[in-house]
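Here the structure comes first, spelled out in structure tokens, and everything after it is commentary.
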Amino acid sequence: MDIGTNKKAFQINLDAKRYGTFAEIGAGQEVARRFFQVGGASGTVAKTMSAYDMTFSDAIYGPTDRYVSRARLHTMLDREYNLLIERLDKKLGNQRTFFVFADTVAARSFKLRNEAHGWLGIRFQAQPRGPSNEIIIHVRMLDEANVDQQEALGVIGVNLLYGAFYHAQPEKLISSLQENLVPGRIEVDMIKFSGPAYEAVDNRLMSLQLVSQGLTSAVMFRADGETVQPAEVFYKKAILVERGSFRPVTCATNDMLDGARRVFVEKCGCAEDQLVVLMEMTLENLLSEGQLNHADFLARVDILGALGRTVLVSRFGEYYRLAAYLSRYTNQMIGLVLGVPSLMEIFDERYYSNLEGGILEAFGRMFKGSLKLFVYPAIDEKTGKIRTATDLKVAPNLSALFRYLVDNQFIEEITDYNPEYLRIFPPDVLRKLQSGDESWEDSVPPEVAHLIRQRGFFGYKAGRPAGEPVPT
């Protein structure tokens with residue numbers, strides 16, 4: 001066992017203030033074991049338990065459909081924390097800060113090649129008899145061997161406890177979660193802070209930290225800002241994704257998505273409640289100015305939230321990597337919404353020089369499932385002609401491949417669109433709203449215009465009425 005993790009566990013054991021319960025289901029008591037092995041656990045551990053059998057688990061925490069879930073984790077934290085306060089507050093409440101650590105985990109089965117993942121959480125007091133705070137995370141365990149997954153779980157559990165107790169800054173806690181673990185063993189794809197100690201924390205920014213610090217490739221949150229774990233949302237659902245900078249969302253953005261949605265629903269035959277619609281931003285796009293601008297990021301997210309959109313933030317520069325990620329969670333149809341310029345980039349072989357099989361390997365990964373590209377037309381500013389997906393001119397050596405994808409309906413045209421919106425270009429809209437030319441409002445949905453004016457997003461400058469010339 002590594003020295004760094006043991007040192008953290010030992011420091012917690014020697015901390016006279018900390019006292020609590022460990023409740024672990026699914027992969028043994030890997031976190032509690034660390035505290036017993038380093039010594040001094042009697043000063044920290046009030047109780048450990050593992051309701052491994054489902055019957056025992058249901059008797060203690062109530063019946064559930066899914067044992068490895070956020071709901072089960074919350075039930076465990078609720079029950080164990082209430083018991084801790086009920087049984088020990090009178091005796092120790094004025095001198096100890098109580099905590100409960102819980103996890104529910106599905107490690108690699110010796111029978112099945114199942115997804116190894118788990119939910120971990122801590123509920124804790126910052127001062128004696130103070131209100132509780134909470135941090136929950138979802139992890140994917142990437143080791144092949146069961147014993148290695150258990151070891152990694154123990155390490156990240158200790159890191160979570162140590163971070164909650166000694167890292168006041170959430171960003172520092174996030175960066176410490178993979179300490180003493182080599183890269184590629186654990187992925188943290190969801191985190192949520194709550195309680196008085198974290199009132200100023202925006203969990204959307206914390207999700208962004210998971211991506212930017214390399215703990216995961218993608219994170220999600222709903223229109224209301226609630227962070228969600230992808231498997232919770234995607235399970236057995238059809239998925240439609242539009243990638244963009246959304247700076248700002250324009251009428252063309254919505255027109256593209258609406259047109260694709262109508263074709264998608266017709267092609268897949270799914271009900272509306274079985275469809276997940278995502279707006280995706282890549283980390284590369286968010287770093288376009290050299291560093292992450294949190295205010296700019298939140299402005300984009302707030303606008304998407306006002307439109308009722310679920311947001312995905314990813315590290316997937318290439319579409320084939322996004323397709324592979326989504327297909328991990330569903331066997332239903334996946335649709336990628338893009339414009340003709342993006343389709344041209346997909347057929348640019350330069351983007352696949354890192355793949356041994358080049359563009360063929362990339363397309364093999366992208367289209368191996370039920371995936372389709374829904375392509376919005378573009379207008380040629382020089383000629384005024386509309387260019388559609390099937391008009392695309394690709395390199396001669398790729399023309400047969402392009403025709404194959406079109407003929408087999410892997411590439412679908414969006415034919416139901418508003419031609420006026422084809423002349424809307426986000427950089428032009430952004431320039432107008434920053435210069436005081438109020439005509440930008442004609443290019444965005446009313447909800448978007450209202451938020452930009454109200455909160456001054458994207459450097460908005462109130463100015464001249466629409467149609468008045470811009471000073472030179």
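Ordering of the structure tokens sets the chain letters (A, B, ...); residue numbers start at 1 within each chain; ligands are numbered from 1 in the order shown.
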Extract, using only C-alpha atoms, all DNA, RNA and protein residues at most 6 Å from Val219 of chain A, discarding same-chain residues fewer than 6 positions from it, and format them as a list of chain:residue names. A:Asp189, A:Leu312, A:Val313
Let me see the file: selected residues, C-alpha atoms, as a PDB file, in the first residue's frame.
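Below is the file that was written, again.pdb:
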ATOM      1  CA  ASP A 189     -17.199  11.839 -14.135  1.00  0.00           C
ATOM      2  CA  LEU A 312     -22.302  18.140 -22.271  1.00  0.00           C
ATOM      3  CA  VAL A 313     -18.749  19.457 -21.855  1.00  0.00           C
TER       4      VAL A 313
END
Using DSSP on the backbone, list every residue of segment 112-230 of chain A that comes out as strand (DSSP E or B), and give them as an MDAnalysis selection string. chainID A and resid 117:125 132:141 186:194 218:221 227:228
From the list A:Glu349, A:Arg129, A:Asp258, A:Ile239, the nearest residue to Ala271 of chain A using only C-alpha atoms is A:Ile239
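Atom pair atom CA of Met256 of chain A / atom CA of Glu438 of chain A: separated by 23.8 Å.
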I'd like the neighbourhood of segment 133-149 of chain A as number ranges by chain, where a residue qualifies if any of its atoms comes within 8 Å (using only C-alpha atoms), though same-chain residues fewer than 6 positions away should be ignored. A: 107-110, 115-126, 164, 184-198, 229
Write out, as a compact mmCIF listing (two decimals), in the first residue's frame, the residues just selected, with N, CA, C and O atoms.
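Generated output (out_39.txt):
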# COMPACT_ATOMS: atom_id res chain seq x y z
N ALA A 107 -17.80 -3.65 -8.67
CA ALA A 107 -16.47 -3.93 -9.19
C ALA A 107 -16.56 -5.00 -10.28
O ALA A 107 -17.61 -5.59 -10.52
N ARG A 108 -15.46 -5.24 -10.95
CA ARG A 108 -15.43 -6.21 -12.03
C ARG A 108 -15.81 -7.60 -11.51
O ARG A 108 -15.23 -8.12 -10.58
N SER A 109 -16.84 -8.20 -12.13
CA SER A 109 -17.29 -9.53 -11.73
C SER A 109 -16.42 -10.60 -12.37
O SER A 109 -15.95 -10.44 -13.50
N PHE A 110 -16.17 -11.68 -11.64
CA PHE A 110 -15.39 -12.77 -12.22
C PHE A 110 -16.20 -13.55 -13.25
O PHE A 110 -15.66 -14.32 -14.03
N GLU A 115 -19.56 -3.14 -16.41
CA GLU A 115 -19.00 -1.82 -16.15
C GLU A 115 -18.67 -1.71 -14.67
O GLU A 115 -19.52 -1.92 -13.81
N ALA A 116 -17.41 -1.44 -14.35
CA ALA A 116 -16.99 -1.29 -12.96
C ALA A 116 -17.10 0.18 -12.57
O ALA A 116 -16.37 1.02 -13.10
N HIS A 117 -18.02 0.48 -11.68
CA HIS A 117 -18.24 1.87 -11.32
C HIS A 117 -18.81 1.93 -9.91
O HIS A 117 -19.20 0.91 -9.33
N GLY A 118 -18.90 3.14 -9.38
CA GLY A 118 -19.46 3.27 -8.04
C GLY A 118 -19.75 4.71 -7.66
O GLY A 118 -19.27 5.66 -8.30
N TRP A 119 -20.56 4.85 -6.62
CA TRP A 119 -20.89 6.15 -6.03
C TRP A 119 -20.24 6.24 -4.66
O TRP A 119 -20.37 5.33 -3.84
N LEU A 120 -19.55 7.34 -4.40
CA LEU A 120 -18.90 7.58 -3.12
C LEU A 120 -19.36 8.92 -2.59
O LEU A 120 -19.57 9.87 -3.35
N GLY A 121 -19.53 9.00 -1.27
CA GLY A 121 -19.96 10.26 -0.70
C GLY A 121 -19.54 10.41 0.74
O GLY A 121 -19.32 9.42 1.45
N ILE A 122 -19.43 11.65 1.17
CA ILE A 122 -19.16 11.95 2.57
C ILE A 122 -20.09 13.06 3.04
O ILE A 122 -20.31 14.04 2.33
N ARG A 123 -20.69 12.87 4.21
CA ARG A 123 -21.47 13.91 4.87
C ARG A 123 -20.76 14.23 6.17
O ARG A 123 -20.44 13.31 6.95
N PHE A 124 -20.50 15.49 6.42
CA PHE A 124 -19.64 15.82 7.57
C PHE A 124 -19.97 17.19 8.14
O PHE A 124 -20.52 18.06 7.46
N GLN A 125 -19.62 17.36 9.39
CA GLN A 125 -19.75 18.64 10.07
C GLN A 125 -18.41 19.39 9.98
O GLN A 125 -17.34 18.78 10.10
N ALA A 126 -18.49 20.71 9.81
CA ALA A 126 -17.28 21.52 9.81
C ALA A 126 -16.89 21.93 11.21
O ALA A 126 -15.71 22.22 11.48
N ALA A 164 -12.12 16.56 1.94
CA ALA A 164 -13.25 17.18 2.63
C ALA A 164 -12.82 17.83 3.94
O ALA A 164 -13.32 18.90 4.30
N GLY A 184 -5.15 6.65 -15.59
CA GLY A 184 -5.81 5.55 -16.28
C GLY A 184 -6.40 4.49 -15.38
O GLY A 184 -6.90 3.47 -15.87
N ARG A 185 -6.39 4.71 -14.06
CA ARG A 185 -6.97 3.71 -13.16
C ARG A 185 -8.39 4.08 -12.71
O ARG A 185 -9.24 3.22 -12.55
N ILE A 186 -8.62 5.37 -12.50
CA ILE A 186 -9.91 5.85 -12.01
C ILE A 186 -10.34 7.05 -12.83
O ILE A 186 -9.54 7.94 -13.12
N GLU A 187 -11.61 7.08 -13.18
CA GLU A 187 -12.20 8.26 -13.82
C GLU A 187 -13.30 8.79 -12.92
O GLU A 187 -14.12 8.02 -12.42
N VAL A 188 -13.30 10.09 -12.68
CA VAL A 188 -14.35 10.74 -11.88
C VAL A 188 -15.18 11.59 -12.83
O VAL A 188 -14.72 12.62 -13.32
N ASP A 189 -16.40 11.15 -13.12
CA ASP A 189 -17.20 11.84 -14.14
C ASP A 189 -18.38 12.62 -13.57
O ASP A 189 -19.19 13.16 -14.32
N MET A 190 -18.47 12.72 -12.24
CA MET A 190 -19.49 13.56 -11.62
C MET A 190 -19.06 13.94 -10.23
O MET A 190 -18.48 13.10 -9.51
N ILE A 191 -19.31 15.17 -9.85
CA ILE A 191 -19.05 15.61 -8.48
C ILE A 191 -20.09 16.66 -8.11
O ILE A 191 -20.53 17.44 -8.96
N LYS A 192 -20.51 16.63 -6.85
CA LYS A 192 -21.47 17.63 -6.37
C LYS A 192 -21.15 18.00 -4.93
O LYS A 192 -20.99 17.13 -4.08
N PHE A 193 -21.03 19.31 -4.69
CA PHE A 193 -20.83 19.85 -3.35
C PHE A 193 -22.14 20.47 -2.87
O PHE A 193 -22.82 21.15 -3.66
N SER A 194 -22.49 20.26 -1.62
CA SER A 194 -23.69 20.89 -1.06
C SER A 194 -23.50 21.14 0.42
O SER A 194 -22.63 20.54 1.06
N GLY A 195 -24.30 22.04 0.98
CA GLY A 195 -24.21 22.38 2.39
C GLY A 195 -23.69 23.79 2.59
O GLY A 195 -23.16 24.42 1.67
N PRO A 196 -23.79 24.31 3.83
CA PRO A 196 -23.39 25.69 4.12
C PRO A 196 -21.94 25.99 3.76
O PRO A 196 -21.63 27.12 3.35
N ALA A 197 -21.05 25.03 3.91
CA ALA A 197 -19.64 25.27 3.60
C ALA A 197 -19.40 25.51 2.12
O ALA A 197 -18.37 26.06 1.73
N TYR A 198 -20.38 25.10 1.28
CA TYR A 198 -20.20 25.20 -0.16
C TYR A 198 -21.29 26.07 -0.81
O TYR A 198 -21.59 25.90 -1.99
N GLN A 229 -24.85 12.18 -13.82
CA GLN A 229 -23.90 11.18 -14.33
C GLN A 229 -24.46 10.63 -15.63
O GLN A 229 -25.66 10.32 -15.72
Polymer residues at most 8 Å from segment 411-421 of chain A, only C-alpha atoms, same-chain spacing of 5 or more positions, as a PyMOL selection string: chain A and resi 251-252+255-256+259-260+263+372-377+388-390+405-406+443
Just to be explicit: take each residue in the selection above, keep N, CA and C atoms, and write the result as a PDB file, in the first residue's frame.
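File produced: selection37.pdb:
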ATOM      1  N   CYS A 251     -30.759  32.021 -33.786  1.00  0.00           N
ATOM      2  CA  CYS A 251     -31.940  31.384 -34.380  1.00  0.00           C
ATOM      3  C   CYS A 251     -31.525  30.217 -35.264  1.00  0.00           C
ATOM      4  N   ALA A 252     -30.358  30.336 -35.900  1.00  0.00           N
ATOM      5  CA  ALA A 252     -29.858  29.240 -36.733  1.00  0.00           C
ATOM      6  C   ALA A 252     -29.517  28.022 -35.892  1.00  0.00           C
ATOM      7  N   ASP A 255     -32.795  26.402 -35.202  1.00  0.00           N
ATOM      8  CA  ASP A 255     -33.387  25.893 -36.434  1.00  0.00           C
ATOM      9  C   ASP A 255     -32.702  24.592 -36.866  1.00  0.00           C
ATOM     10  N   MET A 256     -31.390  24.559 -36.711  1.00  0.00           N
ATOM     11  CA  MET A 256     -30.614  23.361 -37.037  1.00  0.00           C
ATOM     12  C   MET A 256     -31.053  22.188 -36.174  1.00  0.00           C
ATOM     13  N   GLY A 259     -34.787  21.096 -36.953  1.00  0.00           N
ATOM     14  CA  GLY A 259     -34.876  20.353 -38.201  1.00  0.00           C
ATOM     15  C   GLY A 259     -34.328  18.950 -38.068  1.00  0.00           C
ATOM     16  N   ALA A 260     -33.193  18.814 -37.361  1.00  0.00           N
ATOM     17  CA  ALA A 260     -32.595  17.492 -37.152  1.00  0.00           C
ATOM     18  C   ALA A 260     -33.501  16.623 -36.283  1.00  0.00           C
ATOM     19  N   VAL A 263     -36.349  14.961 -38.262  1.00  0.00           N
ATOM     20  CA  VAL A 263     -35.886  13.834 -39.077  1.00  0.00           C
ATOM     21  C   VAL A 263     -35.481  12.670 -38.190  1.00  0.00           C
ATOM     22  N   LYS A 372     -26.048   8.413 -37.033  1.00  0.00           N
ATOM     23  CA  LYS A 372     -26.275   9.161 -38.263  1.00  0.00           C
ATOM     24  C   LYS A 372     -25.811  10.595 -38.074  1.00  0.00           C
ATOM     25  N   LEU A 373     -25.366  11.206 -39.172  1.00  0.00           N
ATOM     26  CA  LEU A 373     -25.044  12.623 -39.203  1.00  0.00           C
ATOM     27  C   LEU A 373     -26.213  13.376 -39.832  1.00  0.00           C
ATOM     28  N   PHE A 374     -26.729  14.373 -39.145  1.00  0.00           N
ATOM     29  CA  PHE A 374     -27.815  15.204 -39.666  1.00  0.00           C
ATOM     30  C   PHE A 374     -27.211  16.569 -40.000  1.00  0.00           C
ATOM     31  N   VAL A 375     -27.218  16.882 -41.298  1.00  0.00           N
ATOM     32  CA  VAL A 375     -26.416  18.009 -41.782  1.00  0.00           C
ATOM     33  C   VAL A 375     -27.301  19.161 -42.228  1.00  0.00           C
ATOM     34  N   TYR A 376     -27.038  20.327 -41.640  1.00  0.00           N
ATOM     35  CA  TYR A 376     -27.754  21.571 -41.931  1.00  0.00           C
ATOM     36  C   TYR A 376     -27.058  22.267 -43.103  1.00  0.00           C
ATOM     37  N   PRO A 377     -27.824  22.792 -44.050  1.00  0.00           N
ATOM     38  CA  PRO A 377     -27.198  23.417 -45.224  1.00  0.00           C
ATOM     39  C   PRO A 377     -26.465  24.708 -44.865  1.00  0.00           C
ATOM     40  N   THR A 388     -25.803  21.870 -49.755  1.00  0.00           N
ATOM     41  CA  THR A 388     -26.359  20.816 -48.899  1.00  0.00           C
ATOM     42  C   THR A 388     -25.327  19.707 -48.712  1.00  0.00           C
ATOM     43  N   ALA A 389     -25.669  18.763 -47.856  1.00  0.00           N
ATOM     44  CA  ALA A 389     -24.745  17.669 -47.556  1.00  0.00           C
ATOM     45  C   ALA A 389     -24.387  16.869 -48.806  1.00  0.00           C
ATOM     46  N   THR A 390     -25.377  16.593 -49.618  1.00  0.00           N
ATOM     47  CA  THR A 390     -25.118  15.742 -50.789  1.00  0.00           C
ATOM     48  C   THR A 390     -24.366  16.485 -51.883  1.00  0.00           C
ATOM     49  N   LEU A 405     -21.683   6.449 -47.632  1.00  0.00           N
ATOM     50  CA  LEU A 405     -22.346   6.940 -46.423  1.00  0.00           C
ATOM     51  C   LEU A 405     -23.669   7.618 -46.752  1.00  0.00           C
ATOM     52  N   VAL A 406     -23.713   8.337 -47.861  1.00  0.00           N
ATOM     53  CA  VAL A 406     -24.959   8.990 -48.269  1.00  0.00           C
ATOM     54  C   VAL A 406     -25.992   7.955 -48.713  1.00  0.00           C
ATOM     55  N   SER A 443     -31.307  38.184 -34.574  1.00  0.00           N
ATOM     56  CA  SER A 443     -30.654  36.928 -34.937  1.00  0.00           C
ATOM     57  C   SER A 443     -30.680  35.882 -33.832  1.00  0.00           C
TER      58      SER A 443
END
I'd like the neighbourhood of Lys385 of chain A as an MDAnalysis selection string, where a residue qualifies if any of its atoms comes within 12 Å (using only C-alpha atoms), though same-chain residues fewer than 4 positions away should be ignored. chainID A and resid 377:381 391 419 422:423
Take the selection from the previous step and output its residues with all heavy atoms, as a PDB file, in the first residue's frame.
ATOM      1  N   PRO A 377     -27.824  22.792 -44.050  1.00  0.00           N
ATOM      2  CA  PRO A 377     -27.198  23.417 -45.224  1.00  0.00           C
ATOM      3  C   PRO A 377     -26.465  24.708 -44.865  1.00  0.00           C
ATOM      4  O   PRO A 377     -26.633  25.263 -43.774  1.00  0.00           O
ATOM      5  CB  PRO A 377     -28.386  23.685 -46.150  1.00  0.00           C
ATOM      6  CG  PRO A 377     -29.556  23.788 -45.250  1.00  0.00           C
ATOM      7  CD  PRO A 377     -29.289  22.835 -44.120  1.00  0.00           C
ATOM      8  N   ALA A 378     -25.649  25.177 -45.797  1.00  0.00           N
ATOM      9  CA  ALA A 378     -24.919  26.437 -45.626  1.00  0.00           C
ATOM     10  C   ALA A 378     -25.082  27.257 -46.891  1.00  0.00           C
ATOM     11  O   ALA A 378     -25.373  26.725 -47.967  1.00  0.00           O
ATOM     12  CB  ALA A 378     -23.441  26.164 -45.350  1.00  0.00           C
ATOM     13  N   ILE A 379     -24.885  28.560 -46.755  1.00  0.00           N
ATOM     14  CA  ILE A 379     -25.001  29.435 -47.918  1.00  0.00           C
ATOM     15  C   ILE A 379     -23.617  29.908 -48.335  1.00  0.00           C
ATOM     16  O   ILE A 379     -22.778  30.248 -47.483  1.00  0.00           O
ATOM     17  CB  ILE A 379     -25.939  30.630 -47.614  1.00  0.00           C
ATOM     18  CG1 ILE A 379     -26.324  31.342 -48.903  1.00  0.00           C
ATOM     19  CG2 ILE A 379     -25.315  31.582 -46.617  1.00  0.00           C
ATOM     20  CD1 ILE A 379     -27.534  32.249 -48.763  1.00  0.00           C
ATOM     21  N   ASP A 380     -23.351  29.858 -49.587  1.00  0.00           N
ATOM     22  CA  ASP A 380     -22.085  30.347 -50.132  1.00  0.00           C
ATOM     23  C   ASP A 380     -22.194  31.868 -50.237  1.00  0.00           C
ATOM     24  O   ASP A 380     -22.982  32.391 -51.035  1.00  0.00           O
ATOM     25  CB  ASP A 380     -21.830  29.730 -51.508  1.00  0.00           C
ATOM     26  CG  ASP A 380     -20.438  30.038 -52.018  1.00  0.00           C
ATOM     27  OD1 ASP A 380     -19.997  31.191 -51.879  1.00  0.00           O
ATOM     28  OD2 ASP A 380     -19.785  29.119 -52.562  1.00  0.00           O
ATOM     29  N   GLU A 381     -21.411  32.577 -49.420  1.00  0.00           N
ATOM     30  CA  GLU A 381     -21.528  34.033 -49.362  1.00  0.00           C
ATOM     31  C   GLU A 381     -21.133  34.701 -50.674  1.00  0.00           C
ATOM     32  O   GLU A 381     -21.578  35.813 -50.969  1.00  0.00           O
ATOM     33  CB  GLU A 381     -20.683  34.569 -48.209  1.00  0.00           C
ATOM     34  CG  GLU A 381     -21.183  34.144 -46.840  1.00  0.00           C
ATOM     35  CD  GLU A 381     -20.407  34.793 -45.719  1.00  0.00           C
ATOM     36  OE1 GLU A 381     -20.654  35.990 -45.438  1.00  0.00           O
ATOM     37  OE2 GLU A 381     -19.550  34.118 -45.126  1.00  0.00           O
ATOM     38  N   ASP A 391     -24.249  17.825 -51.775  1.00  0.00           N
ATOM     39  CA  ASP A 391     -23.485  18.611 -52.747  1.00  0.00           C
ATOM     40  C   ASP A 391     -21.998  18.671 -52.404  1.00  0.00           C
ATOM     41  O   ASP A 391     -21.212  19.215 -53.170  1.00  0.00           O
ATOM     42  CB  ASP A 391     -24.010  20.056 -52.809  1.00  0.00           C
ATOM     43  CG  ASP A 391     -25.430  20.117 -53.320  1.00  0.00           C
ATOM     44  OD1 ASP A 391     -25.820  19.212 -54.076  1.00  0.00           O
ATOM     45  OD2 ASP A 391     -26.154  21.055 -52.949  1.00  0.00           O
ATOM     46  N   PRO A 419     -34.613  29.395 -44.656  1.00  0.00           N
ATOM     47  CA  PRO A 419     -33.490  29.900 -45.461  1.00  0.00           C
ATOM     48  C   PRO A 419     -32.916  31.217 -44.942  1.00  0.00           C
ATOM     49  O   PRO A 419     -31.721  31.482 -45.110  1.00  0.00           O
ATOM     50  CB  PRO A 419     -34.117  30.087 -46.855  1.00  0.00           C
ATOM     51  CG  PRO A 419     -35.294  29.174 -46.872  1.00  0.00           C
ATOM     52  CD  PRO A 419     -35.821  29.174 -45.467  1.00  0.00           C
ATOM     53  N   LEU A 422     -29.878  30.982 -42.609  1.00  0.00           N
ATOM     54  CA  LEU A 422     -28.575  30.555 -43.128  1.00  0.00           C
ATOM     55  C   LEU A 422     -27.589  31.709 -43.200  1.00  0.00           C
ATOM     56  O   LEU A 422     -26.379  31.495 -43.281  1.00  0.00           O
ATOM     57  CB  LEU A 422     -28.742  29.929 -44.524  1.00  0.00           C
ATOM     58  CG  LEU A 422     -29.623  28.677 -44.630  1.00  0.00           C
ATOM     59  CD1 LEU A 422     -29.621  28.148 -46.055  1.00  0.00           C
ATOM     60  CD2 LEU A 422     -29.163  27.597 -43.660  1.00  0.00           C
ATOM     61  N   ARG A 423     -28.102  32.927 -43.164  1.00  0.00           N
ATOM     62  CA  ARG A 423     -27.229  34.105 -43.230  1.00  0.00           C
ATOM     63  C   ARG A 423     -26.836  34.611 -41.839  1.00  0.00           C
ATOM     64  O   ARG A 423     -26.219  35.681 -41.723  1.00  0.00           O
ATOM     65  CB  ARG A 423     -27.911  35.220 -44.026  1.00  0.00           C
ATOM     66  CG  ARG A 423     -28.183  34.843 -45.479  1.00  0.00           C
ATOM     67  CD  ARG A 423     -28.784  36.007 -46.259  1.00  0.00           C
ATOM     68  NE  ARG A 423     -29.068  35.622 -47.636  1.00  0.00           N
ATOM     69  CZ  ARG A 423     -28.178  35.628 -48.626  1.00  0.00           C
ATOM     70  NH1 ARG A 423     -26.921  36.023 -48.376  1.00  0.00           N
ATOM     71  NH2 ARG A 423     -28.517  35.266 -49.852  1.00  0.00           N
TER      72      ARG A 423
END
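The neighbours of Val241 of chain A here are the residues that come within 9 Å of it, using only C-alpha atoms and leaving out any residue fewer than 6 positions away in the same chain; they are Leu257, Val276, Val277, Leu278, Met279, Glu280, Leu312, Ile334, Gly335, Leu336, Val337 and Leu338 of chain A.
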Same residues, N, CA and C atoms, saved as an mmCIF file, in the first residue's frame:
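To be explicit, this is the file written out as result26.cif:
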data_model
loop_
_atom_site.group_PDB
_atom_site.id
_atom_site.type_symbol
_atom_site.label_atom_id
_atom_site.label_comp_id
_atom_site.auth_asym_id
_atom_site.auth_seq_id
_atom_site.Cartn_x
_atom_site.Cartn_y
_atom_site.Cartn_z
ATOM 1 N N LEU A 257 -31.185 22.429 -34.867
ATOM 2 C CA LEU A 257 -31.565 21.364 -33.946
ATOM 3 C C LEU A 257 -33.005 20.912 -34.183
ATOM 4 N N VAL A 276 -32.935 11.939 -25.676
ATOM 5 C CA VAL A 276 -32.124 12.902 -24.929
ATOM 6 C C VAL A 276 -31.478 13.851 -25.935
ATOM 7 N N VAL A 277 -31.712 15.144 -25.745
ATOM 8 C CA VAL A 277 -31.122 16.154 -26.626
ATOM 9 C C VAL A 277 -30.024 16.878 -25.858
ATOM 10 N N LEU A 278 -28.836 16.938 -26.445
ATOM 11 C CA LEU A 278 -27.671 17.532 -25.788
ATOM 12 C C LEU A 278 -27.111 18.672 -26.609
ATOM 13 N N MET A 279 -26.587 19.678 -25.920
ATOM 14 C CA MET A 279 -25.771 20.708 -26.541
ATOM 15 C C MET A 279 -24.356 20.496 -26.010
ATOM 16 N N GLU A 280 -23.420 20.264 -26.915
ATOM 17 C CA GLU A 280 -22.059 19.916 -26.500
ATOM 18 C C GLU A 280 -21.078 21.046 -26.784
ATOM 19 N N LEU A 312 -23.434 19.068 -22.363
ATOM 20 C CA LEU A 312 -22.302 18.140 -22.271
ATOM 21 C C LEU A 312 -21.036 18.936 -22.551
ATOM 22 N N ILE A 334 -28.088 7.175 -32.324
ATOM 23 C CA ILE A 334 -27.375 8.388 -31.942
ATOM 24 C C ILE A 334 -27.309 9.295 -33.167
ATOM 25 N N GLY A 335 -27.637 10.558 -32.980
ATOM 26 C CA GLY A 335 -27.578 11.523 -34.074
ATOM 27 C C GLY A 335 -26.652 12.673 -33.731
ATOM 28 N N LEU A 336 -25.756 13.012 -34.650
ATOM 29 C CA LEU A 336 -24.878 14.169 -34.492
ATOM 30 C C LEU A 336 -25.349 15.251 -35.453
ATOM 31 N N VAL A 337 -25.629 16.428 -34.919
ATOM 32 C CA VAL A 337 -26.150 17.539 -35.713
ATOM 33 C C VAL A 337 -25.003 18.480 -36.046
ATOM 34 N N LEU A 338 -24.813 18.779 -37.322
ATOM 35 C CA LEU A 338 -23.714 19.639 -37.727
ATOM 36 C C LEU A 338 -24.046 20.338 -39.028
#
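In terms of minimum interatomic distance to Ile85 of chain A, A:Ser132 ranks closest within A:Ser314, A:Thr5, A:Ser132, A:Asn331, counting only C-alpha atoms.
Each of A:Gly163, A:Pro183, A:Pro63, A:Gly290 was checked against Ile12 of chain A using only C-alpha atoms; the smallest atom-to-atom distance is that of A:Gly163.
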Can you list, as an MDAnalysis selection string, every protein, DNA or RNA residue that comes within 12 Å of Ala218 of chain A when you count only C-alpha atoms, leaving out same-chain residues fewer than 3 positions away? chainID A and resid 187:190 207:215 221 227:231 280:283 311:317 321:322 325:326
Those selected residues, please, written with C-alpha atoms and delivered as a PDB file, in the first residue's frame.
ATOM      1  CA  GLU A 187     -12.201   8.257 -13.819  1.00  0.00           C
ATOM      2  CA  VAL A 188     -14.347  10.745 -11.878  1.00  0.00           C
ATOM      3  CA  ASP A 189     -17.199  11.839 -14.135  1.00  0.00           C
ATOM      4  CA  MET A 190     -19.489  13.558 -11.621  1.00  0.00           C
ATOM      5  CA  SER A 207     -17.851  19.756 -13.356  1.00  0.00           C
ATOM      6  CA  LEU A 208     -15.732  21.824 -15.714  1.00  0.00           C
ATOM      7  CA  GLN A 209     -12.780  21.284 -13.366  1.00  0.00           C
ATOM      8  CA  LEU A 210     -13.150  17.512 -13.706  1.00  0.00           C
ATOM      9  CA  VAL A 211     -12.669  17.849 -17.470  1.00  0.00           C
ATOM     10  CA  SER A 212      -9.950  20.505 -17.439  1.00  0.00           C
ATOM     11  CA  GLN A 213      -7.925  18.674 -14.773  1.00  0.00           C
ATOM     12  CA  GLY A 214      -8.145  15.412 -16.737  1.00  0.00           C
ATOM     13  CA  LEU A 215     -10.218  13.372 -14.279  1.00  0.00           C
ATOM     14  CA  PHE A 221     -25.626  18.971 -16.265  1.00  0.00           C
ATOM     15  CA  THR A 227     -24.939  17.817 -12.287  1.00  0.00           C
ATOM     16  CA  VAL A 228     -25.810  14.357 -13.566  1.00  0.00           C
ATOM     17  CA  GLN A 229     -23.903  11.181 -14.326  1.00  0.00           C
ATOM     18  CA  PRO A 230     -24.175  10.186 -18.015  1.00  0.00           C
ATOM     19  CA  ALA A 231     -25.372   6.617 -17.404  1.00  0.00           C
ATOM     20  CA  GLU A 280     -22.059  19.916 -26.500  1.00  0.00           C
ATOM     21  CA  MET A 281     -19.117  22.235 -25.952  1.00  0.00           C
ATOM     22  CA  THR A 282     -15.552  21.001 -26.231  1.00  0.00           C
ATOM     23  CA  LEU A 283     -12.783  22.013 -23.852  1.00  0.00           C
ATOM     24  CA  VAL A 311     -25.237  20.463 -21.583  1.00  0.00           C
ATOM     25  CA  LEU A 312     -22.302  18.140 -22.271  1.00  0.00           C
ATOM     26  CA  VAL A 313     -18.749  19.457 -21.855  1.00  0.00           C
ATOM     27  CA  SER A 314     -16.128  17.164 -23.360  1.00  0.00           C
ATOM     28  CA  ARG A 315     -12.520  16.709 -24.404  1.00  0.00           C
ATOM     29  CA  PHE A 316     -13.594  15.111 -27.702  1.00  0.00           C
ATOM     30  CA  GLY A 317     -12.076  17.179 -30.461  1.00  0.00           C
ATOM     31  CA  ARG A 321     -14.430  10.012 -30.102  1.00  0.00           C
ATOM     32  CA  LEU A 322     -17.744  11.629 -29.159  1.00  0.00           C
ATOM     33  CA  TYR A 325     -18.361   7.827 -25.784  1.00  0.00           C
ATOM     34  CA  LEU A 326     -22.119   8.021 -26.378  1.00  0.00           C
TER      35      LEU A 326
END
